[in-house]
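Chemist: Just one file: upload12.cif, with mmCIF, C-alpha atoms.
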data_input
#
loop_
_atom_site.label_atom_id
_atom_site.label_comp_id
_atom_site.auth_asym_id
_atom_site.auth_seq_id
_atom_site.Cartn_x
_atom_site.Cartn_y
_atom_site.Cartn_z
CA MET Y 1 12.68 120.32 102.85
CA LEU Y 2 11.13 117.73 100.53
CA ARG Y 3 12.51 119.55 97.49
CA ASN Y 4 16.02 119.55 98.97
CA PHE Y 5 15.68 115.85 99.71
CA ILE Y 6 14.76 115.10 96.12
CA VAL Y 7 17.71 117.09 94.76
CA LEU Y 8 20.14 115.36 97.11
CA THR Y 9 18.69 111.95 96.26
CA CYS Y 10 19.13 112.60 92.53
CA LEU Y 11 22.71 113.71 93.07
CA PHE Y 12 23.52 110.67 95.20
CA THR Y 13 22.00 108.27 92.65
CA SER Y 14 23.98 109.86 89.83
CA VAL Y 15 27.25 109.56 91.71
CA LEU Y 16 26.58 105.90 92.40
CA SER Y 17 25.91 105.28 88.72
CA GLY Y 18 29.22 106.85 87.76
CA GLN Y 19 27.76 110.02 86.24
CA VAL Y 20 29.01 113.50 87.00
CA LEU Y 21 26.25 116.08 87.18
CA LYS Y 22 26.90 119.56 85.87
CA PRO Y 23 24.86 122.56 86.89
CA ALA Y 24 22.25 123.60 84.32
CA ALA Y 25 23.47 126.23 81.93
CA VAL Y 26 22.26 129.70 82.75
CA SER Y 27 21.07 131.54 79.66
CA GLU Y 28 23.23 134.52 78.91
CA PRO Y 29 21.50 137.90 78.60
CA ALA Y 30 21.00 139.07 75.04
CA ASP Y 31 23.94 141.07 73.65
CA TYR Y 32 21.87 143.91 72.22
CA GLU Y 33 23.45 147.32 72.65
CA PHE Y 34 20.06 149.02 72.85
CA ILE Y 35 16.43 148.06 73.38
CA VAL Y 36 13.83 150.32 71.81
CA LEU Y 37 10.07 149.98 72.02
CA ALA Y 38 8.11 149.60 68.77
CA GLY Y 39 7.45 153.08 67.38
CA GLU Y 40 9.83 154.70 69.87
CA SER Y 41 12.74 157.03 68.91
CA ILE Y 42 16.23 156.98 70.32
CA GLU Y 43 19.40 158.96 69.69
CA LEU Y 44 22.49 157.03 68.65
CA SER Y 45 26.02 158.39 68.56
CA VAL Y 46 29.58 157.47 67.76
CA GLU Y 47 32.78 159.11 68.85
CA GLN Y 48 33.37 161.82 66.32
CA LYS Y 49 36.89 162.06 64.99
CA GLU Y 50 38.30 165.07 63.26
CA GLY Y 51 38.63 164.64 59.52
CA PHE Y 52 35.90 161.98 59.26
CA LYS Y 53 32.33 162.07 58.01
CA TYR Y 54 29.70 159.50 58.97
CA GLU Y 55 27.23 157.65 56.77
CA TRP Y 56 24.31 155.97 58.57
CA ASN Y 57 22.33 153.01 57.21
CA ASP Y 58 19.60 150.88 58.87
CA GLY Y 59 18.67 148.93 55.72
CA GLY Y 60 15.23 150.54 55.67
CA ALA Y 61 14.24 148.95 58.99
CA GLY Y 62 12.94 152.20 60.52
CA LYS Y 63 13.27 155.94 60.13
CA LEU Y 64 16.85 157.15 60.31
CA GLU Y 65 17.66 160.89 60.60
CA PRO Y 66 21.38 161.71 60.78
CA ILE Y 67 22.22 164.96 62.54
CA LEU Y 68 24.44 166.83 60.12
CA GLY Y 69 27.89 167.78 61.27
CA THR Y 70 27.85 165.36 64.19
CA GLY Y 71 28.37 161.69 64.90
CA LYS Y 72 24.75 161.39 65.97
CA ALA Y 73 21.49 160.23 64.44
CA ARG Y 74 17.88 159.84 65.54
CA TRP Y 75 16.35 156.47 64.82
CA THR Y 76 12.64 155.64 65.06
CA ALA Y 77 11.70 151.97 65.32
CA PRO Y 78 8.84 150.57 63.20
CA ASN Y 79 5.46 150.06 64.87
CA THR Y 80 5.89 146.33 64.31
CA PRO Y 81 9.31 144.65 64.43
CA GLY Y 82 10.70 143.68 61.04
CA LYS Y 83 12.06 140.29 60.02
CA GLU Y 84 15.57 141.36 61.03
CA ASN Y 85 15.43 141.86 64.78
CA PRO Y 86 17.74 143.06 66.23
CA VAL Y 87 18.39 145.75 63.66
CA ASN Y 88 22.00 146.31 62.77
CA ILE Y 89 22.47 150.04 62.23
CA LYS Y 90 25.73 150.55 60.39
CA ILE Y 91 27.78 153.73 60.55
CA LEU Y 92 30.50 154.09 57.95
CA ALA Y 93 33.25 156.46 59.04
CA VAL Y 94 34.94 157.81 55.92
CA SER Y 95 38.07 159.89 55.89
CA GLU Y 96 37.52 163.27 54.31
CA ARG Y 97 40.82 162.64 52.51
CA ASN Y 98 38.97 159.74 50.80
CA ILE Y 99 41.66 157.23 51.58
CA ALA Y 100 40.25 153.69 51.35
CA ALA Y 101 42.38 152.44 54.20
CA GLU Y 102 40.81 155.05 56.46
CA LYS Y 103 37.30 153.64 56.30
CA ASN Y 104 35.75 152.03 59.34
CA THR Y 105 32.30 150.50 59.95
CA ILE Y 106 30.65 150.66 63.34
CA VAL Y 107 27.56 148.55 64.10
CA LYS Y 108 24.85 149.37 66.64
CA LYS Y 109 22.71 146.35 67.46
CA VAL Y 110 19.19 147.53 68.41
CA ALA Y 111 16.41 145.17 69.53
CA VAL Y 112 12.84 146.28 68.81
CA LEU Y 113 10.37 145.27 71.51
CA GLY Y 114 6.57 145.05 71.47
CA GLY Y 115 3.79 145.60 68.96
CA ASP Y 116 0.03 145.27 68.69
CA ILE Y 117 -1.83 142.08 69.55
CA ALA Y 118 -3.27 140.11 66.63
CA SER Y 119 -6.33 137.99 67.36
CA GLN Y 120 -9.26 136.03 66.04
CA PRO Y 121 -12.82 137.04 66.97
CA VAL Y 122 -13.96 135.32 70.18
CA LEU Y 123 -17.20 133.40 69.62
CA PHE Y 124 -19.97 132.10 71.83
CA TYR Y 125 -22.79 129.90 70.58
CA CYS Y 126 -26.24 129.95 72.12
CA ASP Y 127 -25.79 126.44 73.50
CA GLY Y 128 -22.24 126.92 74.79
CA PRO Y 129 -18.73 128.25 74.17
CA GLY Y 130 -17.31 128.47 70.69
CA PRO Y 131 -13.86 127.15 69.74
CA ALA Y 132 -10.72 128.40 71.48
CA ARG Y 133 -9.46 131.48 69.64
CA LEU Y 134 -5.84 132.43 69.09
CA PHE Y 135 -4.23 135.69 70.22
CA LYS Y 136 -0.69 136.45 69.04
CA SER Y 137 2.06 138.82 70.07
CA ALA Y 138 3.48 141.03 67.34
CA ALA Y 139 5.70 138.94 65.07
CA ASN Y 140 9.51 138.97 64.87
CA GLN Y 141 10.28 139.60 68.53
CA ALA Y 142 13.96 139.55 69.45
CA ARG Y 143 15.51 136.56 71.17
CA GLY Y 144 15.03 136.57 74.92
CA VAL Y 145 11.64 138.30 75.09
CA LYS Y 146 9.33 137.15 77.90
CA TYR Y 147 5.53 137.34 77.65
CA GLN Y 148 2.67 137.60 80.09
CA TRP Y 149 -1.01 137.50 79.10
CA GLU Y 150 -3.76 138.77 81.37
CA ILE Y 151 -7.52 139.34 81.27
CA VAL Y 152 -7.88 142.85 82.66
CA ARG Y 153 -11.63 143.13 82.20
CA GLY Y 154 -14.28 140.57 81.28
CA THR Y 155 -13.17 137.53 83.31
CA GLU Y 156 -16.82 136.50 83.39
CA ASN Y 157 -16.84 136.39 79.57
CA LEU Y 158 -13.79 134.27 78.76
CA ASN Y 159 -10.96 132.11 80.04
CA LEU Y 160 -7.26 132.17 79.24
CA LEU Y 161 -5.82 128.66 78.87
CA PRO Y 162 -3.32 128.51 81.77
CA GLU Y 163 -0.54 126.80 79.80
CA ASP Y 164 -0.40 129.81 77.44
CA ILE Y 165 0.07 132.63 79.98
CA ASN Y 166 3.78 133.04 79.24
CA ARG Y 167 3.89 132.15 75.57
CA ALA Y 168 4.04 134.32 72.46
CA GLU Y 169 0.61 132.96 71.49
CA ALA Y 170 -2.32 132.36 73.80
CA LYS Y 171 -5.74 130.75 73.44
CA PHE Y 172 -8.90 132.21 74.92
CA LYS Y 173 -12.27 130.49 75.20
CA ALA Y 174 -15.62 132.20 75.64
CA LYS Y 175 -17.72 131.63 78.75
CA LYS Y 176 -20.67 133.84 77.82
CA PRO Y 177 -21.49 136.51 75.21
CA SER Y 178 -20.88 140.19 75.83
CA ALA Y 179 -23.72 142.35 77.11
CA LYS Y 180 -22.21 145.45 75.52
CA LYS Y 181 -19.49 146.32 73.04
CA ASP Y 182 -15.83 146.41 74.10
CA ASP Y 183 -16.52 145.04 77.57
CA VAL Y 184 -13.49 142.72 77.43
CA GLU Y 185 -9.87 143.83 77.75
CA ILE Y 186 -6.76 141.69 77.24
CA LYS Y 187 -3.26 142.83 78.17
CA LEU Y 188 0.06 141.47 76.89
CA THR Y 189 3.26 142.48 78.66
CA TYR Y 190 6.58 142.16 76.81
CA THR Y 191 9.85 142.13 78.80
CA LEU Y 192 13.39 142.07 77.45
CA GLY Y 193 16.64 142.47 79.32
CA THR Y 194 20.32 142.73 78.51
CA GLY Y 195 23.30 142.91 80.78
CA LYS Y 196 22.83 146.69 80.91
CA GLU Y 197 19.09 147.36 80.90
CA LYS Y 198 15.63 145.84 81.10
CA LYS Y 199 12.56 147.17 79.29
CA THR Y 200 8.89 146.34 79.69
CA CYS Y 201 5.92 147.45 77.60
CA GLU Y 202 2.21 146.68 77.71
CA TYR Y 203 -0.31 146.38 74.89
CA VAL Y 204 -4.06 146.25 75.42
CA LYS Y 205 -6.76 144.92 73.10
CA ARG Y 206 -10.44 145.72 73.67
CA PHE Y 207 -13.19 143.67 72.05
CA TYR Y 208 -16.42 141.84 72.84
CA VAL Y 209 -17.46 138.19 72.79
CA MET Y 210 -19.66 137.72 69.72
CA MET Y 211 -22.64 135.43 69.40
CA PRO Y 212 -24.08 134.66 65.93
CA VAL Y 213 -27.84 135.30 66.02
CA SER Y 214 -29.06 135.86 62.46
CA LEU Y 215 -28.32 136.02 58.74
CA LYS Y 216 -28.52 139.08 56.51
CA LYS Y 217 -28.98 138.76 52.74
CA ILE Y 218 -26.26 140.79 51.00
CA SER Y 219 -26.58 139.74 47.36
CA ARG Y 220 -28.57 137.67 44.86
CA GLU Y 221 -27.40 136.69 41.39
CA ASN Y 222 -29.64 134.88 38.93
CA VAL Y 223 -28.74 133.46 35.50
CA LEU Y 224 -31.50 132.17 33.19
CA GLU Y 225 -30.87 129.24 30.84
CA GLU Y 226 -33.43 128.71 28.06
CA GLY Y 227 -33.57 125.88 25.38
CA PRO Y 228 -33.47 124.33 23.03
CA ASP Y 229 -31.56 121.72 25.08
CA LEU Y 230 -31.84 123.16 28.59
CA TYR Y 231 -34.42 125.13 30.49
CA GLY Y 232 -33.86 126.59 33.95
CA PHE Y 233 -31.76 128.98 35.98
CA ALA Y 234 -29.01 129.22 38.60
CA THR Y 235 -29.53 131.49 41.60
CA THR Y 236 -26.77 132.27 44.11
CA THR Y 237 -27.69 134.08 47.31
CA LYS Y 238 -25.06 135.31 49.77
CA TYR Y 239 -25.67 135.89 53.47
CA ARG Y 240 -23.56 137.46 56.17
CA VAL Y 241 -23.70 136.21 59.77
CA MET Y 242 -24.76 138.95 62.22
CA ASP Y 243 -23.99 139.15 65.94
CA GLN Y 244 -26.10 140.06 68.98
CA PHE Y 245 -25.69 143.80 68.29
CA GLY Y 246 -26.72 143.57 64.64
CA GLU Y 247 -23.10 143.93 63.49
CA PRO Y 248 -21.38 141.74 60.87
CA LEU Y 249 -19.61 138.84 62.54
CA MET Y 250 -16.32 138.69 60.64
CA ALA Y 251 -15.19 135.17 61.51
CA GLU Y 252 -14.02 132.34 59.30
CA GLY Y 253 -14.93 128.69 59.83
CA ILE Y 254 -18.35 128.94 61.50
CA VAL Y 255 -20.13 125.70 60.53
CA ILE Y 256 -23.83 126.04 59.74
CA THR Y 257 -25.87 122.87 59.30
CA GLN Y 258 -29.44 122.61 58.05
CA ASP Y 259 -32.73 120.78 57.98
CA ILE Y 260 -34.43 121.25 54.61
CA THR Y 261 -37.94 120.05 53.79
CA LEU Y 262 -39.85 119.91 50.50
CA VAL Y 263 -43.25 121.48 51.22
CA SER Y 264 -44.89 121.70 47.81
CA ASN Y 265 -44.18 120.61 44.23
CA PRO Y 266 -47.56 120.80 42.46
CA ASN Y 267 -46.10 120.64 38.93
CA GLY Y 268 -44.34 117.38 39.67
CA ILE Y 269 -40.94 118.57 38.44
CA SER Y 270 -38.40 115.75 38.77
CA ALA Y 271 -36.31 115.91 41.93
CA LYS Y 272 -33.24 115.36 39.72
CA ALA Y 273 -33.95 118.64 37.94
CA ILE Y 274 -34.24 120.65 41.17
CA LYS Y 275 -30.82 121.24 42.70
CA VAL Y 276 -30.85 121.95 46.44
CA ASP Y 277 -27.96 122.50 48.87
CA PHE Y 278 -28.22 119.65 51.37
CA GLY Y 279 -24.75 119.98 52.92
CA GLN Y 280 -23.39 122.27 55.57
CA TYR Y 281 -22.21 125.84 55.06
CA VAL Y 282 -18.94 127.32 56.34
CA THR Y 283 -18.32 131.05 56.65
CA ASP Y 284 -15.41 132.69 54.87
CA PHE Y 285 -13.13 135.28 56.52
CA GLU Y 286 -15.88 137.92 56.18
CA GLY Y 287 -18.47 135.72 57.87
CA VAL Y 288 -20.27 135.11 54.54
CA ILE Y 289 -21.94 131.96 53.21
CA GLY Y 290 -23.27 131.33 49.72
CA SER Y 291 -26.31 129.24 48.76
CA ARG Y 292 -26.51 128.05 45.13
CA ARG Y 293 -29.81 126.67 43.85
CA TYR Y 294 -30.82 125.87 40.28
CA ILE Y 295 -33.22 124.12 37.94
CA SER Y 296 -31.87 122.08 35.05
CA SER Y 297 -34.72 120.65 33.00
CA VAL Y 298 -34.88 119.20 29.47
CA PHE Y 299 -38.44 120.50 29.19
CA PRO Y 300 -39.61 124.12 29.33
CA LEU Y 301 -40.79 125.13 32.77
CA PRO Y 302 -44.54 125.91 32.92
CA ALA Y 303 -45.50 129.52 33.50
CA ASN Y 304 -47.07 128.62 36.85
CA PHE Y 305 -44.08 126.58 38.04
CA LEU Y 306 -43.77 126.79 41.83
CA THR Y 307 -41.86 124.62 44.30
CA LEU Y 308 -41.53 125.38 48.04
CA TYR Y 309 -38.91 124.32 50.58
CA GLU Y 310 -38.39 125.18 54.23
CA GLN Y 311 -34.83 125.50 55.46
CA ASP Y 312 -33.81 125.63 59.15
CA LEU Y 313 -30.18 126.66 59.75
CA PHE Y 314 -28.30 125.71 62.91
CA ILE Y 315 -24.90 126.31 64.51
CA ASN Y 316 -23.34 123.38 66.38
CA GLY Y 317 -26.24 121.33 65.06
CA SER Y 318 -28.62 122.69 67.70
CA CYS Y 319 -28.47 126.50 67.91
CA LEU Y 320 -31.16 127.90 65.59
CA LEU Y 321 -29.76 130.69 63.45
CA GLU Y 322 -32.42 131.28 60.78
CA LYS Y 323 -35.61 129.90 59.23
CA LEU Y 324 -35.95 130.46 55.49
CA ASP Y 325 -38.84 129.80 53.12
CA ILE Y 326 -37.41 128.98 49.68
CA THR Y 327 -39.57 129.50 46.60
CA TYR Y 328 -38.57 128.14 43.18
CA THR Y 329 -40.34 129.90 40.28
CA LYS Y 330 -39.80 129.88 36.53
CA ASN Y 331 -37.32 132.74 36.71
CA GLY Y 332 -35.27 131.98 39.82
CA VAL Y 333 -35.26 131.38 43.56
CA GLU Y 334 -36.31 133.68 46.37
CA GLU Y 335 -35.38 133.00 50.01
CA VAL Y 336 -37.35 134.80 52.71
CA SER Y 337 -36.83 134.74 56.47
CA ASN Y 338 -39.83 133.35 58.35
CA LYS Y 339 -39.34 133.59 62.10
CA ASP Y 340 -42.97 132.77 62.90
CA ARG Y 341 -43.20 129.22 61.56
CA LEU Y 342 -42.18 126.12 63.49
CA THR Y 343 -38.97 124.35 62.54
CA ARG Y 344 -39.11 120.76 61.32
CA ARG Y 345 -37.71 119.62 64.66
CA GLN Y 346 -40.40 121.52 66.56
CA ARG Y 347 -43.12 119.94 64.44
CA LEU Y 348 -41.69 116.47 65.07
CA GLU Y 349 -41.58 117.10 68.82
CA LYS Y 350 -45.13 118.37 68.74
CA SER Y 351 -46.26 115.33 66.81
CA LYS Y 352 -44.53 112.95 69.25
CA SER Y 353 -46.10 114.70 72.20
CA LYS Y 354 -49.53 114.50 70.60
CA ASN Y 355 -49.24 110.76 69.88
CA ASP Y 356 -47.61 109.80 73.20
CA PRO Y 357 -49.87 107.16 74.84
CA ASN Y 358 -48.37 107.93 78.25
CA LYS Y 359 -49.20 111.59 78.09
CA VAL Y 360 -51.41 112.71 80.96
CA ILE Y 361 -54.22 115.03 79.91
CA VAL Y 362 -55.22 117.42 82.65
CA PRO Y 363 -58.92 118.39 82.46
CA LYS Y 364 -59.60 122.10 82.05
#
Using structure tokens, write down the structure that the file contains.
Modeler:
Amino acid sequence: MLRNFIVLTCLFTSVLSGQVLKPAAVSEPADYEFIVLAGESIELSVEQKEGFKYEWNDGGAGKLEPILGTGKARWTAPNTPGKENPVNIKILAVSERNIAAEKNTIVKKVAVLGGDIASQPVLFYCDGPGPARLFKSAANQARGVKYQWEIVRGTENLNLLPEDINRAEAKFKAKKPSAKKDDVEIKLTYTLGTGKEKKTCEYVKRFYVMMPVSLKKISRENVLEEGPDLYGFATTTKYRVMDQFGEPLMAEGIVITQDITLVSNPNGISAKAIKVDFGQYVTDFEGVIGSRRYISSVFPLPANFLTLYEQDLFINGSCLLEKLDITYTKNGVEEVSNKDRLTRRQRLEKSKSKNDPNKVIVPK
């Protein structure tokens, strides 16, 4: 009743203001002659006339198999729609008398519907959800396609942003990491109708919500530089981020920050000569980060040269990913995981607690 009142009120106001309201235009159904699902085959035909032969051409959009001696052909759509969608399949009817005036082109307009879901890995960090991740329908859908996204399994692991349910692209955000592989299932339903028919197809994507938990060393390259003007080396170590199942986490853009502490420099090598990464790291599309460390000294390094650093790596600035002990020697840098030592933050907290004058000591 309220809705009707609002509509009538709007109409009345418009009449008073001298405007004439027209009903909203109703979108016309798409004028495709056929709808075919991605990867599906259909049979096309034209009325065969005596004295004519037929030449079929789809421009390489799919797989076209004319049936010899007939006005028919079998056409298989690509597994992913091409840039031209709908596909115009052209049939040239040529007179067997080869008279130019007796040529005629017939066009079959075929819309290709559906295709696999493309997505980014869904991430969860130990202190909370990762960034919203984008899921996309197959590209190049025909005009008029409707979409519906749904979480079939794993609603406890992630959310679908409600404004994206009926769009070609949808964002999902993790709620908690997966307890086992492929425990999440997303479904995308494509629907397309014409004045003659309506087709629906469903595509499912199974995956799991990943949580970065460790680093794995995958390579180390070391280049020595020796006098007369320069003494030192450059060492580049690459690490891959691993998930909760010990699998490579192939995700771009994971930001890894650090606390790095100089522990020992007994030879007194100038801090300017020791190059240390102090900034943040960002994973590439393979989930890899690179750490470049080098010595650049105008004096030869002593044989017993040794400098030690401790590096604590975090995600989101608070989620501990790895603790590395970094050793600079005369011939390069070695980085070793040390899960047993305290982080710099833990030592600071311990120190504060020890020196807190308000701390109550309970007798044993």
Chemist: Tell me, in Å to one decimal, how far atom CA of Val145 of chain Y is from atom CA of Ala61 of chain Y.
Modeler: 19.5 Å
Chemist: Fewer than 3 positions away in the same chain doesn't count, so skip those; otherwise give me all residues within 6 Å of segment 239-243 of chain Y, counting only C-alpha atoms, as a ChimeraX atom specification.
Modeler: /Y:210-218,246-249,287-289
Chemist: When distances are computed from all atoms listed in the file, which of Y:Ser351, Y:Gln346, Y:Asn104, Y:Ser178 shows the smallest separation from Leu158 of chain Y?
Modeler: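 Ranking Y:Ser351, Y:Gln346, Y:Asn104, Y:Ser178 by distance to Leu158 of chain Y, first place goes to Y:Ser178.
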Chemist: Of the candidates Y:Ser264, Y:Thr76, Y:Asn85, Y:Asn338, which shows the shortest atom-to-atom distance to Thr307 of chain Y, using all atoms listed in the file?
Modeler: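 Going through Y:Ser264, Y:Thr76, Y:Asn85, Y:Asn338 one by one, the smallest distance to Thr307 of chain Y is for Y:Ser264.
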Chemist: Counting all atoms listed in the file, which residue out of Y:Phe233, Y:Tyr190, Y:Trp56, Y:Phe135 sits closest to Ile295 of chain Y?
Modeler: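 Of the candidates, the smallest distance to Ile295 of chain Y is held by Y:Phe233.
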Chemist: Excluding same-chain residues fewer than 6 positions from Tyr294 of chain Y, what lies within 7 Å of it counting all atoms listed in the file, as an NGL selection string?
Modeler: :Y and (233-235 or 274-275)
Chemist: Extract segment 278-304 of chain Y from the coordinates I pasted, and write it as a short mmCIF file (atom, residue, chain, number, x, y, z; two decimals), in the first residue's frame (atoms kept: N, CA and C atoms).
Modeler:
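The resulting file, decode_38.cif, is reproduced below:
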data_model
loop_
_atom_site.label_atom_id
_atom_site.label_comp_id
_atom_site.auth_asym_id
_atom_site.auth_seq_id
_atom_site.Cartn_x
_atom_site.Cartn_y
_atom_site.Cartn_z
N PHE Y 278 66.19 -2.74 5.21
CA PHE Y 278 65.40 -2.27 6.35
C PHE Y 278 63.93 -2.10 5.99
N GLY Y 279 63.61 -2.09 4.71
CA GLY Y 279 62.23 -1.84 4.28
C GLY Y 279 61.37 -3.09 4.34
N GLN Y 280 60.17 -2.94 3.81
CA GLN Y 280 59.24 -4.06 3.78
C GLN Y 280 59.44 -4.88 2.50
N TYR Y 281 58.97 -6.11 2.52
CA TYR Y 281 59.00 -6.99 1.37
C TYR Y 281 57.57 -7.14 0.84
N VAL Y 282 57.46 -7.38 -0.46
CA VAL Y 282 56.15 -7.64 -1.07
C VAL Y 282 56.28 -8.83 -2.00
N THR Y 283 55.41 -9.82 -1.85
CA THR Y 283 55.51 -11.02 -2.67
C THR Y 283 55.16 -10.74 -4.12
N ASP Y 284 55.81 -11.47 -5.03
CA ASP Y 284 55.43 -11.40 -6.44
C ASP Y 284 54.30 -12.40 -6.70
N PHE Y 285 53.96 -12.62 -7.98
CA PHE Y 285 52.79 -13.46 -8.29
C PHE Y 285 53.00 -14.92 -7.90
N GLU Y 286 54.24 -15.32 -7.64
CA GLU Y 286 54.53 -16.68 -7.19
C GLU Y 286 54.67 -16.77 -5.68
N GLY Y 287 54.38 -15.67 -4.98
CA GLY Y 287 54.53 -15.67 -3.53
C GLY Y 287 55.97 -15.64 -3.07
N VAL Y 288 56.86 -15.04 -3.88
CA VAL Y 288 58.30 -15.04 -3.60
C VAL Y 288 58.76 -13.64 -3.20
N ILE Y 289 59.68 -13.58 -2.22
CA ILE Y 289 60.35 -12.33 -1.88
C ILE Y 289 61.85 -12.54 -2.02
N GLY Y 290 62.56 -11.45 -2.26
CA GLY Y 290 64.02 -11.52 -2.39
C GLY Y 290 64.69 -10.58 -1.40
N SER Y 291 65.74 -11.06 -0.73
CA SER Y 291 66.48 -10.27 0.24
C SER Y 291 67.91 -10.09 -0.27
N ARG Y 292 68.33 -8.84 -0.51
CA ARG Y 292 69.66 -8.57 -1.04
C ARG Y 292 70.50 -7.91 0.04
N ARG Y 293 71.64 -8.53 0.34
CA ARG Y 293 72.53 -8.02 1.39
C ARG Y 293 73.96 -8.01 0.84
N TYR Y 294 74.72 -6.94 1.16
CA TYR Y 294 76.08 -6.93 0.64
C TYR Y 294 77.01 -6.08 1.49
N ILE Y 295 78.30 -6.36 1.32
CA ILE Y 295 79.37 -5.58 1.94
C ILE Y 295 80.09 -4.83 0.83
N SER Y 296 80.36 -3.55 1.06
CA SER Y 296 81.10 -2.75 0.09
C SER Y 296 82.14 -1.94 0.86
N SER Y 297 83.33 -2.48 0.97
CA SER Y 297 84.37 -1.88 1.80
C SER Y 297 85.58 -1.49 0.94
N VAL Y 298 86.24 -0.36 1.34
CA VAL Y 298 87.44 0.06 0.62
C VAL Y 298 88.68 -0.65 1.19
N PHE Y 299 88.49 -1.41 2.25
CA PHE Y 299 89.58 -2.16 2.85
C PHE Y 299 89.28 -3.65 2.77
N PRO Y 300 90.30 -4.48 2.62
CA PRO Y 300 90.07 -5.92 2.61
C PRO Y 300 89.40 -6.38 3.90
N LEU Y 301 88.46 -7.30 3.76
CA LEU Y 301 87.80 -7.83 4.95
C LEU Y 301 88.73 -8.81 5.66
N PRO Y 302 88.81 -8.73 7.00
CA PRO Y 302 89.68 -9.68 7.72
C PRO Y 302 89.14 -11.10 7.59
N ALA Y 303 90.06 -12.05 7.71
CA ALA Y 303 89.67 -13.46 7.54
C ALA Y 303 88.63 -13.89 8.55
N ASN Y 304 88.66 -13.28 9.75
CA ASN Y 304 87.71 -13.67 10.79
C ASN Y 304 86.48 -12.76 10.84
#
